[in-house]
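File shown: model01.cif (mmCIF, C-alpha atoms).
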```
data_protein
loop_
_atom_site.label_atom_id
_atom_site.label_comp_id
_atom_site.auth_asym_id
_atom_site.auth_seq_id
_atom_site.Cartn_x
_atom_site.Cartn_y
_atom_site.Cartn_z
CA MET A 1 -32.90 33.18 -7.55
CA ARG A 2 -34.19 35.69 -10.08
CA LEU A 3 -37.81 34.85 -9.18
CA LEU A 4 -37.15 35.19 -5.46
CA ALA A 5 -35.30 38.43 -6.00
CA ALA A 6 -38.24 39.75 -7.98
CA VAL A 7 -40.71 38.79 -5.24
CA LEU A 8 -38.58 40.40 -2.56
CA GLY A 9 -38.13 43.40 -4.81
CA LEU A 10 -41.91 43.87 -4.90
CA ALA A 11 -41.94 43.92 -1.12
CA LEU A 12 -39.37 46.72 -1.20
CA ALA A 13 -41.02 48.67 -4.02
CA GLY A 14 -42.08 51.45 -1.71
CA ALA A 15 -38.68 51.80 -0.08
CA PRO A 16 -36.23 54.59 -0.98
CA LEU A 17 -34.05 53.94 -4.03
CA ALA A 18 -30.86 53.62 -1.96
CA ALA A 19 -32.51 51.02 0.27
CA GLN A 20 -33.66 49.04 -2.78
CA GLN A 21 -30.15 49.05 -4.25
CA ASP A 22 -28.69 47.79 -0.96
CA SER A 23 -31.42 45.21 -0.37
CA PRO A 24 -30.49 41.51 -0.10
CA ALA A 25 -32.45 40.85 -3.30
CA ALA A 26 -30.61 43.51 -5.30
CA LEU A 27 -27.22 42.39 -4.02
CA ALA A 28 -28.00 38.74 -4.74
CA GLU A 29 -29.17 39.64 -8.23
CA THR A 30 -25.96 41.60 -8.83
CA ALA A 31 -23.82 38.69 -7.63
CA LEU A 32 -25.69 36.23 -9.83
CA ALA A 33 -25.28 38.45 -12.90
CA GLN A 34 -21.55 38.84 -12.21
CA PHE A 35 -21.08 35.10 -11.71
CA ASP A 36 -22.96 34.37 -14.94
CA ALA A 37 -20.81 36.88 -16.84
CA ALA A 38 -17.64 35.45 -15.31
CA HIS A 39 -18.67 31.91 -16.24
CA GLU A 40 -19.24 32.96 -19.85
CA LYS A 41 -15.83 34.65 -19.90
CA LEU A 42 -14.20 31.52 -18.47
CA GLU A 43 -15.65 29.38 -21.25
CA ALA A 44 -14.67 31.93 -23.90
CA ALA A 45 -11.12 32.18 -22.52
CA GLN A 46 -10.35 28.67 -23.74
CA SER A 47 -10.18 29.94 -27.32
CA ALA A 48 -9.19 33.56 -26.73
CA THR A 49 -6.28 34.94 -28.71
CA ASP A 50 -4.95 36.72 -25.63
CA ARG A 51 -5.76 34.06 -23.05
CA VAL A 52 -3.90 35.84 -20.27
CA LYS A 53 -6.00 38.97 -20.73
CA ALA A 54 -9.19 36.93 -20.91
CA LEU A 55 -8.40 34.95 -17.76
CA THR A 56 -7.40 38.12 -15.92
CA GLY A 57 -10.85 39.51 -16.67
CA VAL A 58 -12.43 36.25 -15.52
CA VAL A 59 -10.70 36.30 -12.13
CA GLN A 60 -11.59 39.97 -11.61
CA ALA A 61 -15.22 39.30 -12.54
CA TYR A 62 -15.42 36.47 -10.01
CA GLU A 63 -13.79 38.63 -7.33
CA GLU A 64 -16.43 41.31 -7.92
CA GLY A 65 -19.18 38.68 -7.80
CA LEU A 66 -17.87 37.31 -4.52
CA GLU A 67 -17.87 40.83 -3.09
CA ALA A 68 -21.51 41.29 -4.08
CA MET A 69 -22.38 37.85 -2.69
CA ARG A 70 -20.59 38.64 0.56
CA ALA A 71 -22.55 41.87 0.90
CA GLY A 72 -25.81 40.13 0.02
CA LEU A 73 -25.39 37.38 2.61
CA ARG A 74 -24.52 40.00 5.19
CA GLN A 75 -27.68 41.97 4.39
CA VAL A 76 -29.82 38.82 4.58
CA SER A 77 -28.45 38.11 8.04
CA LEU A 78 -28.96 41.68 9.22
CA ARG A 79 -32.52 41.79 7.86
CA GLU A 80 -33.46 38.50 9.52
CA ALA A 81 -32.06 39.74 12.83
CA GLU A 82 -33.98 43.00 12.45
CA ILE A 83 -37.25 41.15 11.80
CA ALA A 84 -36.60 38.85 14.76
CA ARG A 85 -36.19 41.87 17.04
CA GLU A 86 -39.40 43.37 15.67
CA PHE A 87 -41.23 40.09 16.32
CA GLU A 88 -39.97 40.06 19.88
CA ASP A 89 -41.01 43.66 20.51
CA GLU A 90 -44.40 43.34 18.86
CA SER A 91 -45.28 40.03 20.51
CA GLY A 92 -44.78 41.65 23.90
CA GLN A 93 -46.96 44.59 22.92
CA VAL A 94 -49.71 42.32 21.59
CA ALA A 95 -49.68 40.20 24.73
CA ALA A 96 -49.97 43.30 26.92
CA LEU A 97 -52.77 44.70 24.77
CA LEU A 98 -54.71 41.45 24.88
CA GLY A 99 -54.42 41.43 28.64
CA ILE A 100 -55.89 44.93 28.84
CA LEU A 101 -58.75 44.04 26.46
CA ILE A 102 -59.63 40.98 28.50
CA ASN A 103 -59.83 43.08 31.62
CA LEU A 104 -61.91 45.71 29.81
CA LYS A 105 -64.35 43.34 28.08
CA PRO A 106 -68.00 44.53 28.21
CA ASP A 107 -70.17 43.03 30.92
CA ALA A 108 -73.71 42.48 29.58
CA SER A 109 -75.09 40.96 32.78
CA PRO A 110 -78.26 42.49 34.31
CA GLU A 111 -76.26 43.46 37.37
CA ALA A 112 -73.86 45.56 35.28
CA LEU A 113 -76.69 47.34 33.50
CA VAL A 114 -78.45 48.11 36.77
CA HIS A 115 -75.33 49.47 38.46
CA PRO A 116 -75.07 53.28 38.21
CA ASP A 117 -71.73 53.06 36.38
CA GLY A 118 -72.57 49.82 34.53
CA PRO A 119 -74.00 51.03 31.20
CA LEU A 120 -71.38 53.80 30.95
CA GLY A 121 -68.54 51.38 31.67
CA GLN A 122 -70.00 48.92 29.18
CA ALA A 123 -70.24 51.61 26.49
CA ARG A 124 -66.69 52.77 27.07
CA ALA A 125 -65.34 49.22 26.88
CA GLY A 126 -67.27 48.59 23.65
CA MET A 127 -65.92 51.77 22.10
CA LEU A 128 -62.36 50.87 23.11
CA VAL A 129 -62.64 47.36 21.66
CA SER A 130 -64.11 48.64 18.37
CA SER A 131 -61.36 51.25 18.00
CA VAL A 132 -58.53 48.84 18.82
CA THR A 133 -59.70 46.00 16.58
CA PRO A 134 -58.64 47.61 13.23
CA ALA A 135 -55.20 48.36 14.69
CA MET A 136 -54.89 44.74 15.81
CA GLN A 137 -55.81 43.55 12.31
CA ALA A 138 -53.24 45.88 10.73
CA GLN A 139 -50.59 44.63 13.13
CA ALA A 140 -51.46 41.02 12.34
CA GLU A 141 -51.14 41.76 8.61
CA ASP A 142 -47.77 43.39 9.20
CA LEU A 143 -46.58 40.29 11.05
CA ARG A 144 -47.82 38.09 8.21
CA VAL A 145 -45.86 40.12 5.65
CA LYS A 146 -42.71 39.93 7.76
CA LEU A 147 -43.06 36.15 8.16
CA GLN A 148 -43.36 35.89 4.39
CA GLU A 149 -40.27 38.04 3.97
CA VAL A 150 -38.29 35.80 6.32
CA GLN A 151 -39.30 32.77 4.26
CA ILE A 152 -38.23 34.52 1.05
CA LEU A 153 -34.92 35.58 2.62
CA ARG A 154 -34.14 32.00 3.63
CA GLU A 155 -35.02 30.64 0.19
CA LEU A 156 -32.93 33.40 -1.35
CA GLN A 157 -30.01 32.45 0.87
CA ASP A 158 -30.34 28.74 0.02
CA GLU A 159 -30.22 29.45 -3.71
CA ALA A 160 -27.40 31.94 -3.20
CA LEU A 161 -25.33 29.22 -1.55
CA GLN A 162 -25.67 27.00 -4.63
CA THR A 163 -24.46 29.86 -6.83
CA LEU A 164 -21.68 30.67 -4.37
CA SER A 165 -20.43 27.09 -4.34
CA ARG A 166 -20.06 27.18 -8.11
CA GLY A 167 -18.38 30.59 -7.97
CA LEU A 168 -15.77 29.56 -5.40
CA SER A 169 -14.88 26.51 -7.46
CA GLU A 170 -14.67 28.34 -10.77
CA VAL A 171 -12.62 31.29 -9.50
CA GLN A 172 -10.03 28.84 -8.20
CA ARG A 173 -9.98 27.11 -11.58
CA ALA A 174 -9.55 30.49 -13.30
CA ARG A 175 -6.64 31.42 -11.02
CA THR A 176 -4.90 28.12 -11.77
CA GLU A 177 -5.39 28.53 -15.51
CA LEU A 178 -4.14 32.10 -15.36
CA SER A 179 -0.95 31.03 -13.57
CA GLN A 180 -0.35 28.41 -16.24
CA ALA A 181 -1.11 30.85 -19.06
CA MET A 182 1.37 33.34 -17.63
CA SER A 183 4.03 30.62 -17.48
CA ASP A 184 3.37 29.69 -21.11
CA ARG A 185 3.31 33.26 -22.41
CA THR A 186 5.97 34.09 -25.03
CA ASP A 187 4.35 36.90 -27.02
CA LEU A 188 5.46 39.94 -24.98
CA PRO A 189 8.20 42.25 -26.26
CA HIS A 190 11.44 42.40 -24.27
CA ARG A 191 13.44 45.58 -23.65
CA PHE A 192 16.53 43.87 -22.24
CA THR A 193 17.96 40.62 -20.95
CA THR A 194 19.13 40.70 -17.37
CA ASP A 195 22.42 39.26 -16.14
CA PRO A 196 21.49 36.60 -13.54
CA GLU A 197 24.85 36.81 -11.78
CA ARG A 198 24.74 40.59 -11.40
CA MET A 199 21.13 40.39 -10.22
CA GLN A 200 22.04 37.76 -7.60
CA THR A 201 24.97 39.88 -6.45
CA LEU A 202 22.65 42.83 -5.97
CA ILE A 203 20.18 40.69 -4.01
CA ASP A 204 22.91 39.27 -1.76
CA SER A 205 24.40 42.70 -1.06
CA SER A 206 21.10 44.44 -0.29
CA ALA A 207 20.11 44.44 3.37
CA THR A 208 16.83 46.28 2.75
CA LEU A 209 14.23 46.57 0.02
CA GLU A 210 15.20 50.24 -0.31
CA ALA A 211 18.84 49.32 -1.01
CA PHE A 212 17.78 46.71 -3.55
CA ALA A 213 15.46 49.10 -5.40
CA SER A 214 18.15 51.82 -5.41
CA GLY A 215 20.69 49.39 -6.87
CA LEU A 216 18.21 48.22 -9.46
CA ALA A 217 17.63 51.81 -10.57
CA VAL A 218 21.40 52.29 -11.11
CA MET A 219 21.50 49.20 -13.32
CA ASP A 220 19.45 51.14 -15.91
CA VAL A 221 22.53 52.93 -17.16
CA VAL A 222 24.85 49.95 -16.90
CA ASP A 223 22.59 47.66 -18.92
CA GLY A 224 21.86 50.30 -21.58
CA ILE A 225 18.07 49.94 -21.46
CA ALA A 226 16.23 51.75 -24.24
CA PRO A 227 14.44 54.87 -22.97
CA LEU A 228 10.72 54.82 -22.24
CA PRO A 229 8.40 57.66 -23.24
CA SER A 230 7.59 60.23 -20.58
CA PHE A 231 4.16 60.08 -19.03
CA LYS A 232 4.27 62.91 -16.50
CA GLU A 233 0.92 64.20 -17.77
CA ASP A 234 -0.71 60.95 -16.63
CA MET A 235 0.62 61.21 -13.09
CA GLY A 236 -2.19 60.70 -10.60
CA ASN A 237 -4.38 58.58 -12.88
CA TRP A 238 -3.26 55.06 -11.95
CA PRO A 239 -5.82 52.56 -10.64
CA MET A 240 -4.83 50.58 -7.56
CA PRO A 241 -3.05 47.27 -8.27
CA ALA A 242 -5.66 45.37 -6.24
CA PRO A 243 -8.95 46.13 -4.48
CA GLY A 244 -8.51 46.70 -0.78
CA ARG A 245 -7.95 49.33 1.89
CA LEU A 246 -5.04 51.44 3.09
CA VAL A 247 -3.82 50.33 6.53
CA ARG A 248 -0.54 52.26 6.74
CA SER A 249 0.37 55.37 4.78
CA TYR A 250 3.66 56.72 3.48
CA GLU A 251 6.33 56.87 6.22
CA GLU A 252 3.75 56.08 8.91
CA GLU A 253 5.27 54.15 11.81
CA ASP A 254 4.06 50.65 12.58
CA GLY A 255 3.68 49.13 16.04
CA ALA A 256 7.45 48.65 16.31
CA GLY A 257 8.15 52.27 15.40
CA VAL A 258 9.39 51.38 11.90
CA ALA A 259 8.37 53.75 9.10
CA ARG A 260 8.50 52.56 5.49
CA PRO A 261 8.51 54.79 2.40
CA GLY A 262 5.41 53.22 0.89
CA TRP A 263 1.85 52.10 1.49
CA LEU A 264 0.67 48.97 3.25
CA TRP A 265 -2.46 47.90 1.39
CA ALA A 266 -4.84 45.27 2.82
CA THR A 267 -6.47 42.81 0.41
CA ARG A 268 -8.53 39.66 0.56
CA PRO A 269 -6.82 36.26 0.24
CA LEU A 270 -5.86 35.22 -3.31
CA THR A 271 -6.63 38.65 -4.75
CA LEU A 272 -5.24 39.25 -8.23
CA VAL A 273 -2.61 42.02 -8.50
CA THR A 274 -2.29 43.90 -11.80
CA THR A 275 0.03 46.54 -13.14
CA PRO A 276 -1.64 49.97 -13.21
CA TRP A 277 0.40 51.11 -16.20
CA PRO A 278 2.38 49.56 -19.08
CA ALA A 279 5.73 48.63 -17.56
CA THR A 280 8.90 46.61 -17.93
CA VAL A 281 9.44 43.80 -15.41
CA ARG A 282 12.76 44.62 -13.75
CA TYR A 283 12.71 41.91 -11.08
CA LYS A 284 10.46 39.19 -9.74
CA GLY A 285 11.08 36.71 -6.97
CA PRO A 286 11.56 36.42 -3.20
CA PHE A 287 13.43 39.05 -1.25
CA LEU A 288 14.30 38.94 2.46
CA ASP A 289 11.11 38.69 4.54
CA TYR A 290 8.92 40.55 2.05
CA GLY A 291 7.64 37.39 0.39
CA ASN A 292 7.62 37.56 -3.37
CA VAL A 293 8.47 40.93 -4.86
CA ILE A 294 7.95 42.30 -8.36
CA VAL A 295 9.60 45.53 -9.50
CA LEU A 296 8.09 47.27 -12.51
CA GLU A 297 9.47 50.17 -14.53
CA PRO A 298 6.57 52.20 -15.95
CA ALA A 299 8.80 55.07 -17.08
CA ASN A 300 12.42 56.15 -17.12
CA ASP A 301 13.71 56.67 -13.58
CA VAL A 302 10.42 55.43 -12.09
CA LEU A 303 10.09 52.07 -10.32
CA LEU A 304 6.95 50.52 -8.86
CA VAL A 305 7.73 48.00 -6.13
CA LEU A 306 5.02 45.50 -5.12
CA ALA A 307 5.94 43.20 -2.23
CA GLY A 308 4.21 40.55 -0.17
CA LEU A 309 2.73 38.48 -3.00
CA ASP A 310 2.40 34.72 -2.92
CA GLU A 311 2.94 34.30 -6.67
CA VAL A 312 4.53 36.64 -9.21
CA TYR A 313 4.05 36.48 -12.98
CA GLY A 314 6.06 37.62 -15.99
CA ASP A 315 9.58 37.47 -17.36
CA VAL A 316 12.29 39.90 -16.35
CA GLY A 317 12.78 42.32 -19.25
CA ALA A 318 9.30 41.82 -20.67
CA VAL A 319 7.02 44.80 -21.29
CA VAL A 320 3.54 44.13 -19.87
CA PRO A 321 0.42 46.13 -20.84
CA ALA A 322 -1.62 48.05 -18.28
CA GLY A 323 -4.02 45.81 -16.38
CA THR A 324 -1.87 42.71 -16.83
CA ALA A 325 -1.80 40.28 -13.92
CA VAL A 326 1.60 40.39 -12.24
CA GLY A 327 0.87 38.32 -9.17
CA LEU A 328 -1.50 36.78 -6.70
CA MET A 329 -1.83 37.46 -2.98
CA GLY A 330 -1.46 34.65 -0.47
CA GLY A 331 -3.93 33.07 1.90
CA ALA A 332 -6.28 30.14 1.57
CA SER A 333 -9.41 29.92 -0.48
CA PRO A 334 -12.34 29.77 1.99
CA ASP A 335 -14.69 26.82 1.82
CA LEU A 336 -18.42 27.42 1.55
CA ASP A 337 -19.11 27.34 5.30
CA ASP A 338 -16.24 29.68 6.14
CA PHE A 339 -17.25 32.13 3.42
CA VAL A 340 -20.84 32.28 4.67
CA GLU A 341 -19.82 32.62 8.32
CA ASN A 342 -17.35 35.40 7.55
CA ALA A 343 -19.90 37.17 5.35
CA VAL A 344 -22.63 36.99 7.99
CA GLN A 345 -20.36 38.10 10.81
CA GLY A 346 -18.57 40.70 8.71
CA THR A 347 -15.25 39.38 10.02
CA GLY A 348 -12.79 36.58 9.33
CA ALA A 349 -11.06 36.30 5.99
CA ALA A 350 -11.83 39.85 5.01
CA LEU A 351 -8.73 41.95 4.33
CA SER A 352 -6.19 39.58 5.85
CA GLU A 353 -3.34 39.89 3.30
CA THR A 354 -1.06 42.92 2.92
CA LEU A 355 0.53 44.28 -0.23
CA TYR A 356 3.41 46.74 0.14
CA ILE A 357 3.42 49.45 -2.53
CA GLU A 358 6.42 51.67 -3.07
CA ILE A 359 7.25 54.11 -5.88
CA ARG A 360 10.72 55.47 -6.54
CA GLU A 361 11.66 58.35 -8.78
CA GLY A 362 15.31 58.85 -9.62
CA GLY A 363 16.19 56.18 -7.10
CA LYS A 364 14.38 57.92 -4.23
CA PRO A 365 11.02 56.94 -2.70
CA VAL A 366 8.04 59.25 -3.17
CA ASN A 367 4.55 59.24 -1.74
CA PRO A 368 2.38 56.93 -3.92
CA GLU A 369 -0.46 59.43 -3.73
CA ARG A 370 1.32 61.33 -6.51
CA TRP A 371 0.51 58.54 -8.93
CA PHE A 372 -2.75 56.85 -7.97
CA ALA A 373 -6.21 58.16 -8.79
CA ASN A 374 -8.52 58.63 -5.81
CA ALA A 375 -5.56 58.10 -3.51
CA PRO A 376 -6.74 57.13 0.02
CA LEU A 377 -5.26 60.15 1.78
#
```

As structure tokens, the full file:
Amino acid sequence: MRLLAAVLGLALAGAPLAAQQDSPAALAETALAQFDAAHEKLEAAQSATDRVKALTGVVQAYEEGLEAMRAGLRQVSLREAEIAREFEDESGQVAALLGILINLKPDASPEALVHPDGPLGQARAGMLVSSVTPAMQAQAEDLRVKLQEVQILRELQDEALQTLSRGLSEVQRARTELSQAMSDRTDLPHRFTTDPERMQTLIDSSATLEAFASGLAVMDVVDGIAPLPSFKEDMGNWPMPAPGRLVRSYEEEDGAGVARPGWLWATRPLTLVTTPWPATVRYKGPFLDYGNVIVLEPANDVLLVLAGLDEVYGDVGAVVPAGTAVGLMGGASPDLDDFVENAVQGTGAALSETLYIEIREGGKPVNPERWFANAPL
């Protein structure tokens, strides 16, 4: 793939820098480099002291590589379609031009030379043919270059598919190993031990996620949790828990007219969800129709609620560092054919999963834009 990318890169050498960076070759090269780095991390994670941290980095590296591969395959498809349209347009122009040249070919017969307009017509036709011939040669060379580019694009795509197949397999392996490593983890400090009966009572008595989060905030005082340091100066600097796109903002009504005090964040299937800040796990598990929910306490009187996950990681009471995996989104891992089709079409299994993000201060919901850097306003 590196050789093909280099060849295609030479063909784009005269293009603007932005076009070169977005070219199929550049995107494929980026994806390959990210997959190689992720593979090295996966092998190194077997002996890593902090295996959870290592595997979290592996999964994120593969997710970034898959994004680059998705973009690369899309660009290959678009470029091939563009060249096909150019072929169609230019073939029609060439056919029309050839028809005109045939009709205008010089007539060297004695009759033409004798005719009053014969020599003049012959001279004009000869001049037209001689002036058009270089343009025809340039057009033929342009077509040859484009045919060569199509061949390179297809070879690039074939080799990309081999890399992609390995990447899809290894990212699934990394996710499985991360889930197991999180289950085996015993090295995190604990701030408190929850009372299972009181927690179950709160769950059973809460008709909404808001009521549950409010009750959980009150349990701070009852359980005598040690205070956390203030971090007000870091407000607005959190990274998003997962890559994706905002589909519903704070208190924005959905199709049924229901407004929720949080964000609805679209992600790809099986996306890893991480904590944006060091936090204590206050709750994890299913709740009503929200799927799996994890509630994190990054500071005193502040709760971060993440709902809609397929898997949740961590022990209640444990303090997890920033960037720690706390869950995995649902959905199915696409097979090779589905991935390619979705990438080419720019549709399908794109951002099909939704993560609900809510932040509460003093038991009351606030707009998450107060906490996240580059908030999608």

Point-to-point distance in Å for atom CA of A:Ser165 and atom CA of A:Asp338:
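Atom-to-atom, atom CA of A:Asp338 to atom CA of A:Ser165, that is 11.6 Å.
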
Do you have, as CSV, the list of residues of stretch 232-291 of chain A lying at most 12 Å from stretch 54-69 of chain A, each with its nearest atom pair and that distance in Å to one decimal, counting only C-alpha atoms and ordered by chain then number?
```
residue,atom,partner,partner_atom,distance
A:Pro241,CA,A:Gln60,CA,11.7
A:Ala242,CA,A:Gln60,CA,9.7
A:Pro243,CA,A:Glu63,CA,9.4
A:Gly244,CA,A:Glu67,CA,11.3
A:Thr267,CA,A:Glu63,CA,11.4
A:Arg268,CA,A:Glu63,CA,9.5
A:Pro269,CA,A:Glu63,CA,10.6
A:Leu270,CA,A:Glu63,CA,9.5
A:Thr271,CA,A:Glu63,CA,7.6
A:Leu272,CA,A:Gln60,CA,7.2
A:Val273,CA,A:Thr56,CA,9.7
A:Thr274,CA,A:Thr56,CA,8.7
A:Thr275,CA,A:Thr56,CA,11.6
```

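Of the listed residues A:Glu159, A:Glu170, A:Glu341, A:Glu358, the one whose atoms come nearest to A:Glu43 is A:Glu170, with distances taken using all atoms listed in the file.
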
Given the choices A:Asp50, A:Asp234, A:Asp187, A:Asp301, which gets closest to A:Leu216 if the distance is worked out from all atoms listed in the file?
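Smallest separation from A:Leu216 among the options: A:Asp301.
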
Determine the residue membership of the PyMOL selection byres ((chain A and resi 194-205) around 9) for the file above and supply it as a list in words.
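Output of the PyMOL selection byres ((chain A and resi 194-205) around 9): Phe192, Thr193, Ser206, Ala207, Ala211, Phe212, Gly215, Leu216, Asp223, Arg282, Tyr283, Phe287, Leu288, Val316 and Gly317 of chain A.
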
Need the shell around stretch 245-255 of chain A: protein/DNA/RNA residues with any atom at most 12 Å away, counting all atoms listed in the file. Skip same-chain ones fewer than 2 positions apart. Format as a PyMOL selection string?
chain A and resi 240-243+257-268+350-359+365-370+374-377

When distances are computed from all atoms listed in the file, which of A:Ala322, A:Met235, A:Val312, A:Asp289 shows the smallest separation from A:Ala373?
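For A:Ala373, the nearest of the given residues is A:Met235.
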
Could you jot down the atom CA of A:Gly308 to atom CA of A:Thr186 separation for me, Å, one decimal place?
25.7 Å

Work out how far apart atom CA of A:Ala38 and atom CA of A:Arg185 are and give it in Å to one decimal.
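For atom CA of A:Ala38 relative to atom CA of A:Arg185, the distance reads 22.2 Å.
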
Can you tell me which residues surround A:Arg166 at a distance of at most 12 Å, considering all atoms listed in the file, apart from same-chain residues fewer than 3 positions away, and format the answer as a list of chain:residue names?
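Returned residues: A:Leu32, A:Phe35, A:Asp36, A:Ala38, A:His39, A:Tyr62, A:Gly65, A:Leu66, A:Glu159, A:Ala160, A:Leu161, A:Gln162, A:Thr163, A:Ser169, A:Glu170, A:Val171, A:Gln172, A:Arg173, A:Asp335, A:Leu336.
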
Residue nearest A:Glu177 among A:Ser214, A:Asn300, A:Thr30, A:Gln46 (counting only C-alpha atoms)
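Ranked by minimum distance to A:Glu177, first place goes to A:Gln46.
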
Option closest in space to A:Arg70, from A:Ala31, A:Ala26, A:Leu188, A:Leu42 [counting all atoms listed in the file]
A:Ala31

Which is closer to A:Glu361 than all the others in A:Asn237, A:Glu40, A:Leu303, A:Leu309, using all atoms listed in the file?
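Closest to A:Glu361, using all atoms listed in the file: A:Leu303.
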